[in-house]
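For reference, run37.pdb (PDB, C-alpha atoms):
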ATOM      1  CA  MET A   1      52.045  12.433 -13.287
ATOM      2  CA  TYR A   2      50.023   9.884 -15.228
ATOM      3  CA  GLY A   3      49.745   7.728 -12.127
ATOM      4  CA  MET A   4      47.899  10.461 -10.228
ATOM      5  CA  GLY A   5      45.512  10.997 -13.170
ATOM      6  CA  PHE A   6      44.816   7.259 -13.277
ATOM      7  CA  VAL A   7      44.119   7.181  -9.541
ATOM      8  CA  MET A   8      41.738  10.159  -9.825
ATOM      9  CA  ALA A   9      39.929   8.582 -12.782
ATOM     10  CA  PHE A  10      39.668   5.281 -10.917
ATOM     11  CA  LEU A  11      38.318   6.949  -7.777
ATOM     12  CA  THR A  12      35.783   8.933  -9.811
ATOM     13  CA  LEU A  13      34.585   5.788 -11.574
ATOM     14  CA  TYR A  14      34.471   3.927  -8.254
ATOM     15  CA  MET A  15      32.357   6.667  -6.648
ATOM     16  CA  LEU A  16      29.943   6.697  -9.605
ATOM     17  CA  LEU A  17      29.528   2.925  -9.445
ATOM     18  CA  MET A  18      29.040   2.970  -5.671
ATOM     19  CA  THR A  19      26.410   5.699  -5.978
ATOM     20  CA  ALA A  20      24.540   3.687  -8.614
ATOM     21  CA  TRP A  21      24.786   0.557  -6.456
ATOM     22  CA  VAL A  22      23.463   2.340  -3.356
ATOM     23  CA  ASN A  23      20.566   3.781  -5.388
ATOM     24  CA  MET A  24      19.797   0.323  -6.759
ATOM     25  CA  ILE A  25      19.755  -1.162  -3.246
ATOM     26  CA  GLY A  26      17.469   1.651  -2.064
ATOM     27  CA  ALA A  27      15.050   1.049  -4.936
ATOM     28  CA  SER A  28      15.050  -2.683  -4.234
ATOM     29  CA  ALA A  29      14.360  -2.111  -0.539
ATOM     30  CA  THR A  30      11.478   0.242  -1.403
ATOM     31  CA  ALA A  31       9.980  -2.326  -3.783
ATOM     32  CA  GLN A  32      10.223  -5.025  -1.109
ATOM     33  CA  ARG A  33       8.608  -2.767   1.509
ATOM     34  CA  ILE A  34       5.765  -1.903  -0.885
ATOM     35  CA  THR A  35       5.139  -5.592  -1.602
ATOM     36  CA  LEU A  36       5.244  -6.594   2.077
ATOM     37  CA  GLU A  37       2.887  -3.802   3.139
ATOM     38  CA  ALA A  38       0.504  -4.656   0.286
ATOM     39  CA  GLU A  39       0.442  -8.341   1.228
ATOM     40  CA  HIS A  40      -0.085  -7.462   4.890
ATOM     41  CA  MET A  41      -2.980  -5.170   3.991
ATOM     42  CA  ALA A  42      -4.538  -7.892   1.823
ATOM     43  CA  VAL A  43      -4.453 -10.348   4.750
ATOM     44  CA  TYR A  44      -5.945  -7.749   7.092
ATOM     45  CA  SER A  45      -8.682  -7.037   4.535
ATOM     46  CA  SER A  46      -9.715 -10.689   4.423
ATOM     47  CA  PHE A  47     -10.496 -10.678   8.161
ATOM     48  CA  VAL A  48     -12.465  -7.429   8.003
ATOM     49  CA  SER A  49     -14.285  -8.577   4.858
ATOM     50  CA  GLN A  50     -15.465 -11.752   6.599
ATOM     51  CA  TYR A  51     -16.832  -9.627   9.431
ATOM     52  CA  ALA A  52     -18.564  -7.234   6.992
ATOM     53  CA  GLN A  53     -20.263 -10.068   5.128
ATOM     54  CA  ALA A  54     -21.432 -11.734   8.348
ATOM     55  CA  ASN A  55     -22.677  -8.411   9.801
ATOM     56  CA  SER A  56     -24.139  -6.610   6.787
ATOM     57  CA  GLY A  57     -26.206  -4.262   8.971
ATOM     58  CA  TYR A  58     -23.138  -2.845  10.730
ATOM     59  CA  THR A  59     -21.679   0.531   9.768
ATOM     60  CA  GLY A  60     -18.440   1.882  11.210
ATOM     61  CA  SER A  61     -14.938   0.826  12.127
ATOM     62  CA  VAL A  62     -14.416  -2.760  13.288
ATOM     63  CA  SER A  63     -12.045  -3.586  16.144
ATOM     64  CA  ASP A  64      -9.414  -6.258  15.619
ATOM     65  CA  ALA A  65     -11.090  -8.459  18.232
ATOM     66  CA  SER A  66     -14.511  -8.165  16.569
ATOM     67  CA  ALA A  67     -12.993  -8.957  13.162
ATOM     68  CA  GLY A  68     -11.532 -12.162  14.614
ATOM     69  CA  ILE A  69      -7.954 -11.143  13.936
ATOM     70  CA  PRO A  70      -5.575 -13.528  15.739
ATOM     71  CA  THR A  71      -3.465 -11.988  18.483
ATOM     72  CA  TRP A  72      -0.263 -12.970  16.653
ATOM     73  CA  PHE A  73      -1.265 -10.841  13.629
ATOM     74  CA  LYS A  74      -0.259  -7.252  14.277
ATOM     75  CA  ARG A  75      -2.048  -4.684  12.155
ATOM     76  CA  LEU A  76       0.210  -1.928  10.844
ATOM     77  CA  GLY A  77      -0.443   1.400  12.526
ATOM     78  CA  THR A  78      -1.428   2.954   9.199
ATOM     79  CA  GLU A  79      -4.106   0.341   8.412
ATOM     80  CA  LYS A  80      -7.706   1.273   9.166
ATOM     81  CA  ASN A  81     -11.103  -0.024   8.139
ATOM     82  CA  TYR A  82     -14.642   1.092   7.522
ATOM     83  CA  VAL A  83     -17.582  -1.267   7.014
ATOM     84  CA  THR A  84     -21.009  -0.490   5.609
ATOM     85  CA  GLY A  85     -23.695  -2.548   3.882
ATOM     86  CA  GLY A  86     -21.673  -5.754   4.057
ATOM     87  CA  VAL A  87     -18.702  -4.174   2.257
ATOM     88  CA  ALA A  88     -15.299  -3.679   3.884
ATOM     89  CA  TYR A  89     -13.059  -0.740   3.004
ATOM     90  CA  ILE A  90      -9.513  -1.259   4.260
ATOM     91  CA  TYR A  91      -7.320   1.781   3.842
ATOM     92  CA  SER A  92      -3.999   3.364   4.715
ATOM     93  CA  THR A  93      -2.145   6.522   3.825
ATOM     94  CA  PRO A  94       0.695   5.784   1.399
ATOM     95  CA  THR A  95       3.960   7.713   1.560
ATOM     96  CA  THR A  96       3.375   8.940  -1.997
ATOM     97  CA  ARG A  97       0.648   8.483  -4.596
ATOM     98  CA  ALA A  98       3.055   6.428  -6.720
ATOM     99  CA  GLU A  99       3.728   4.079  -3.795
ATOM    100  CA  GLY A 100      -0.003   3.762  -3.164
ATOM    101  CA  LEU A 101      -0.642   2.774  -6.770
ATOM    102  CA  ALA A 102       2.307   0.350  -6.630
ATOM    103  CA  GLN A 103       0.819  -1.221  -3.491
ATOM    104  CA  ALA A 104      -2.589  -1.492  -5.175
ATOM    105  CA  ARG A 105      -0.944  -3.222  -8.130
ATOM    106  CA  ALA A 106       0.936  -5.570  -5.752
ATOM    107  CA  ILE A 107      -2.316  -6.452  -3.968
ATOM    108  CA  GLY A 108      -3.616  -7.664  -7.295
ATOM    109  CA  ALA A 109      -7.261  -7.188  -6.379
ATOM    110  CA  ASN A 110      -9.647  -5.754  -8.931
ATOM    111  CA  VAL A 111     -10.850  -3.257  -6.376
ATOM    112  CA  ALA A 112      -7.713  -1.694  -4.936
ATOM    113  CA  GLY A 113      -6.483   1.791  -5.672
ATOM    114  CA  ILE A 114      -6.320   5.381  -4.517
ATOM    115  CA  VAL A 115      -9.341   7.437  -3.431
ATOM    116  CA  ASP A 116      -9.728  10.569  -5.579
ATOM    117  CA  SER A 117     -12.634  12.827  -4.576
ATOM    118  CA  GLY A 118     -14.564   9.841  -3.259
ATOM    119  CA  ILE A 119     -13.972   7.677  -6.359
ATOM    120  CA  LEU A 120     -11.640   4.670  -6.630
ATOM    121  CA  THR A 121      -8.730   5.169  -9.048
ATOM    122  CA  ALA A 122      -7.140   1.820  -9.896
ATOM    123  CA  PRO A 123      -3.644   1.372 -11.342
ATOM    124  CA  GLY A 124      -3.778   0.874 -15.083
ATOM    125  CA  GLN A 125      -7.496   1.727 -15.203
ATOM    126  CA  GLY A 126      -7.840   5.274 -13.937
ATOM    127  CA  ALA A 127     -11.094   6.375 -12.323
ATOM    128  CA  THR A 128     -13.323   3.320 -11.944
ATOM    129  CA  GLY A 129     -16.554   5.126 -11.076
ATOM    130  CA  LYS A 130     -16.715   3.092  -7.835
ATOM    131  CA  ALA A 131     -17.865   5.428  -5.043
ATOM    132  CA  ILE A 132     -15.952   5.202  -1.763
ATOM    133  CA  PRO A 133     -17.607   6.314   1.526
ATOM    134  CA  GLY A 134     -16.596   9.679   2.931
ATOM    135  CA  ALA A 135     -15.152   7.949   6.014
ATOM    136  CA  VAL A 136     -12.219   6.860   3.810
ATOM    137  CA  PRO A 137      -9.975   9.919   3.300
ATOM    138  CA  ASN A 138      -9.020  11.143  -0.152
ATOM    139  CA  GLY A 139      -5.525  10.056  -1.162
ATOM    140  CA  SER A 140      -5.798   6.795   0.772
ATOM    141  CA  LEU A 141      -4.836   3.435  -0.618
ATOM    142  CA  VAL A 142      -8.027   1.367  -0.309
ATOM    143  CA  ILE A 143      -9.090  -2.233  -0.812
ATOM    144  CA  VAL A 144     -12.827  -2.746  -1.337
ATOM    145  CA  ARG A 145     -14.054  -6.229  -0.383
TER
END
Before we go any further, please render this structure as structure tokens.
Amino acid sequence: MYGMGFVMAFLTLYMLLMTAWVNMIGASATAQRITLEAEHMAVYSSFVSQYAQANSGYTGSVSDASAGIPTWFKRLGTEKNYVTGGVAYIYSTPTTRAEGLAQARAIGANVAGIVDSGILTAPGQGATGKAIPGAVPNGSLVIVR
């Protein structure tokens, strides 16, 4: 009788620990994905920023070839850009607002955040007052360079 109770208690504890472990692995994988996507976006932004600075009269989206992006560097399908007045805006649509802010924090740039009604909202700072062009959709994660 006590043996069956012990087995049930053990199995219950085992299932609780396994659930916690699986959740921990999932959270770790999400954190790694956020960091990798943020680093990738930062690299992509450096290419587009160089183009924007060299072509300050250009306004619009820049192709990968025009930005001088090497063929071995594959832009993520969610990454887009908009250039105007020598400034590059590199943006993507995050899965959630929290993930977007986490990516902005991982990028580490002073001008990365989420677009709220055309204004940059940076993690830890809130609304920065920095206007973002209408070509960059609200809710996007954006790097301004």
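From atom CA of A:Leu36 back to atom CA of A:Lys74, the distance works out to 13.4 Å.
Coordinates place atom CA of A:Ala31 at a distance of 29.3 Å from atom CA of A:Ala67.
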Pick from A:Met41, A:Leu101, A:Val144, A:Ala106, whichever lies nearest to A:Leu76 using all atoms listed in the file:
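Among A:Met41, A:Leu101, A:Val144, A:Ala106, it is A:Met41 that comes nearest to A:Leu76.
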Return as a PyMOL selection string the set of residues that the PyMOL selection byres ((chain A and resi 78-87) around 6) yields on the displayed structure.
chain A and resi 52-53+56-57+59-61+76-77+88-92+145
Protein and nucleic acid residues near (-6.6, 3.9, -5.4) (cut-off 7 Å, only C-alpha atoms) as JSON, numbers by chain
{"A": [100, 101, 104, 112, 113, 114, 115, 120, 121, 122, 140, 141, 142]}
Restrict the selected residues to C-alpha atoms and save them as a PDB file, keeping the file's coordinate frame.
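Result saved to again.pdb:
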ATOM      1  CA  GLY A 100      -0.003   3.762  -3.164  1.00  0.00           C
ATOM      2  CA  LEU A 101      -0.642   2.774  -6.770  1.00  0.00           C
ATOM      3  CA  ALA A 104      -2.589  -1.492  -5.175  1.00  0.00           C
ATOM      4  CA  ALA A 112      -7.713  -1.694  -4.936  1.00  0.00           C
ATOM      5  CA  GLY A 113      -6.483   1.791  -5.672  1.00  0.00           C
ATOM      6  CA  ILE A 114      -6.320   5.381  -4.517  1.00  0.00           C
ATOM      7  CA  VAL A 115      -9.341   7.437  -3.431  1.00  0.00           C
ATOM      8  CA  LEU A 120     -11.640   4.670  -6.630  1.00  0.00           C
ATOM      9  CA  THR A 121      -8.730   5.169  -9.048  1.00  0.00           C
ATOM     10  CA  ALA A 122      -7.140   1.820  -9.896  1.00  0.00           C
ATOM     11  CA  SER A 140      -5.798   6.795   0.772  1.00  0.00           C
ATOM     12  CA  LEU A 141      -4.836   3.435  -0.618  1.00  0.00           C
ATOM     13  CA  VAL A 142      -8.027   1.367  -0.309  1.00  0.00           C
TER      14      VAL A 142
END
Which residue out of A:Thr128, A:Val136, A:Ile107, A:Ile143 has the minimum interatomic distance to A:Val48 when all atoms listed in the file are used?
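The shortest atom-to-atom distance to A:Val48 comes from A:Ile143.
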Nearest to A:Asp64 among A:Ala135, A:Phe47, A:Val111, A:Pro94, with distances taken over all atoms listed in the file: which residue is it?
A:Phe47
Nearest to A:Asn138 among A:Ala29, A:Thr93, A:Arg105, A:Pro70, with distances taken over all atoms listed in the file: which residue is it?
A:Thr93
Contact residues around A:Ile69 with all atoms listed in the file at 12 Å, ignoring same-chain residues under 4 positions, as an MDAnalysis selection string
chainID A and resid 43:51 62:65 73:75
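When only C-alpha atoms are used to measure the gap to A:Gly108, the shortest distance among A:Thr96, A:Gly134, A:Gly124, A:Ala54 belongs to A:Gly124.
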Taking all atoms listed in the file into account, name the residue in A:Gln103, A:Asn55, A:Ser117, A:Thr95 that is nearest to A:Ala42.
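Between A:Gln103, A:Asn55, A:Ser117, A:Thr95, the residue approaching A:Ala42 most closely is A:Gln103.
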Would you compute the distance between atom CA of A:Ala127 and atom CA of A:Gly139? Give it in Å to one decimal.
13.0 Å
What would stretch 102-130 of chain A look like with N, CA and C atoms restored, written as a CSV table (one decimal), in the frame of the given file?
chain,number,residue,atom,x,y,z
A,102,ALA,N,1.5,1.6,-6.6
A,102,ALA,CA,2.3,0.4,-6.6
A,102,ALA,C,1.8,-0.7,-5.6
A,103,GLN,N,1.4,-0.3,-4.5
A,103,GLN,CA,0.8,-1.2,-3.5
A,103,GLN,C,-0.5,-1.8,-4.0
A,104,ALA,N,-1.3,-1.0,-4.6
A,104,ALA,CA,-2.6,-1.5,-5.2
A,104,ALA,C,-2.3,-2.5,-6.3
A,105,ARG,N,-1.3,-2.3,-7.1
A,105,ARG,CA,-0.9,-3.2,-8.1
A,105,ARG,C,-0.4,-4.5,-7.5
A,106,ALA,N,0.4,-4.4,-6.4
A,106,ALA,CA,0.9,-5.6,-5.8
A,106,ALA,C,-0.2,-6.4,-5.1
A,107,ILE,N,-1.2,-5.7,-4.6
A,107,ILE,CA,-2.3,-6.5,-4.0
A,107,ILE,C,-3.0,-7.3,-5.0
A,108,GLY,N,-3.1,-6.9,-6.2
A,108,GLY,CA,-3.6,-7.7,-7.3
A,108,GLY,C,-5.1,-7.8,-7.3
A,109,ALA,N,-5.8,-7.1,-6.4
A,109,ALA,CA,-7.3,-7.2,-6.4
A,109,ALA,C,-7.8,-6.3,-7.5
A,110,ASN,N,-9.0,-6.6,-7.9
A,110,ASN,CA,-9.6,-5.8,-8.9
A,110,ASN,C,-10.2,-4.5,-8.3
A,111,VAL,N,-10.3,-4.4,-7.0
A,111,VAL,CA,-10.8,-3.3,-6.4
A,111,VAL,C,-9.9,-2.7,-5.3
A,112,ALA,N,-8.7,-2.4,-5.8
A,112,ALA,CA,-7.7,-1.7,-4.9
A,112,ALA,C,-7.2,-0.5,-5.7
A,113,GLY,N,-7.0,0.6,-5.0
A,113,GLY,CA,-6.5,1.8,-5.7
A,113,GLY,C,-6.4,3.0,-4.7
A,114,ILE,N,-6.4,4.1,-5.3
A,114,ILE,CA,-6.3,5.4,-4.5
A,114,ILE,C,-7.7,6.1,-4.6
A,115,VAL,N,-8.1,6.7,-3.5
A,115,VAL,CA,-9.3,7.4,-3.4
A,115,VAL,C,-9.1,8.9,-3.9
A,116,ASP,N,-9.8,9.2,-5.0
A,116,ASP,CA,-9.7,10.6,-5.6
A,116,ASP,C,-11.1,11.2,-5.6
A,117,SER,N,-11.3,12.2,-4.7
A,117,SER,CA,-12.6,12.8,-4.6
A,117,SER,C,-13.8,11.8,-4.4
A,118,GLY,N,-13.5,10.8,-3.6
A,118,GLY,CA,-14.6,9.8,-3.3
A,118,GLY,C,-14.8,8.8,-4.3
A,119,ILE,N,-13.9,8.7,-5.3
A,119,ILE,CA,-14.0,7.7,-6.4
A,119,ILE,C,-12.7,6.9,-6.4
A,120,LEU,N,-12.8,5.6,-6.6
A,120,LEU,CA,-11.6,4.7,-6.6
A,120,LEU,C,-10.9,4.8,-8.0
A,121,THR,N,-9.6,5.1,-7.9
A,121,THR,CA,-8.7,5.2,-9.0
A,121,THR,C,-7.8,4.0,-9.0
A,122,ALA,N,-7.9,3.1,-9.9
A,122,ALA,CA,-7.1,1.8,-9.9
A,122,ALA,C,-5.9,1.9,-10.8
A,123,PRO,N,-4.8,1.3,-10.5
A,123,PRO,CA,-3.6,1.4,-11.3
A,123,PRO,C,-3.9,0.7,-12.7
A,124,GLY,N,-3.6,1.4,-13.7
A,124,GLY,CA,-3.8,0.9,-15.1
A,124,GLY,C,-5.2,1.1,-15.6
A,125,GLN,N,-6.1,1.5,-14.8
A,125,GLN,CA,-7.5,1.7,-15.2
A,125,GLN,C,-7.9,3.2,-15.1
A,126,GLY,N,-7.4,3.9,-14.2
A,126,GLY,CA,-7.8,5.3,-13.9
A,126,GLY,C,-9.1,5.2,-13.1
A,127,ALA,N,-9.9,6.3,-13.1
A,127,ALA,CA,-11.1,6.4,-12.3
A,127,ALA,C,-12.1,5.3,-12.7
A,128,THR,N,-12.5,4.5,-11.7
A,128,THR,CA,-13.3,3.3,-11.9
A,128,THR,C,-14.8,3.6,-11.9
A,129,GLY,N,-15.1,4.8,-11.3
A,129,GLY,CA,-16.6,5.1,-11.1
A,129,GLY,C,-17.1,4.5,-9.8
A,130,LYS,N,-16.3,3.7,-9.1
A,130,LYS,CA,-16.7,3.1,-7.8
A,130,LYS,C,-16.6,4.1,-6.7
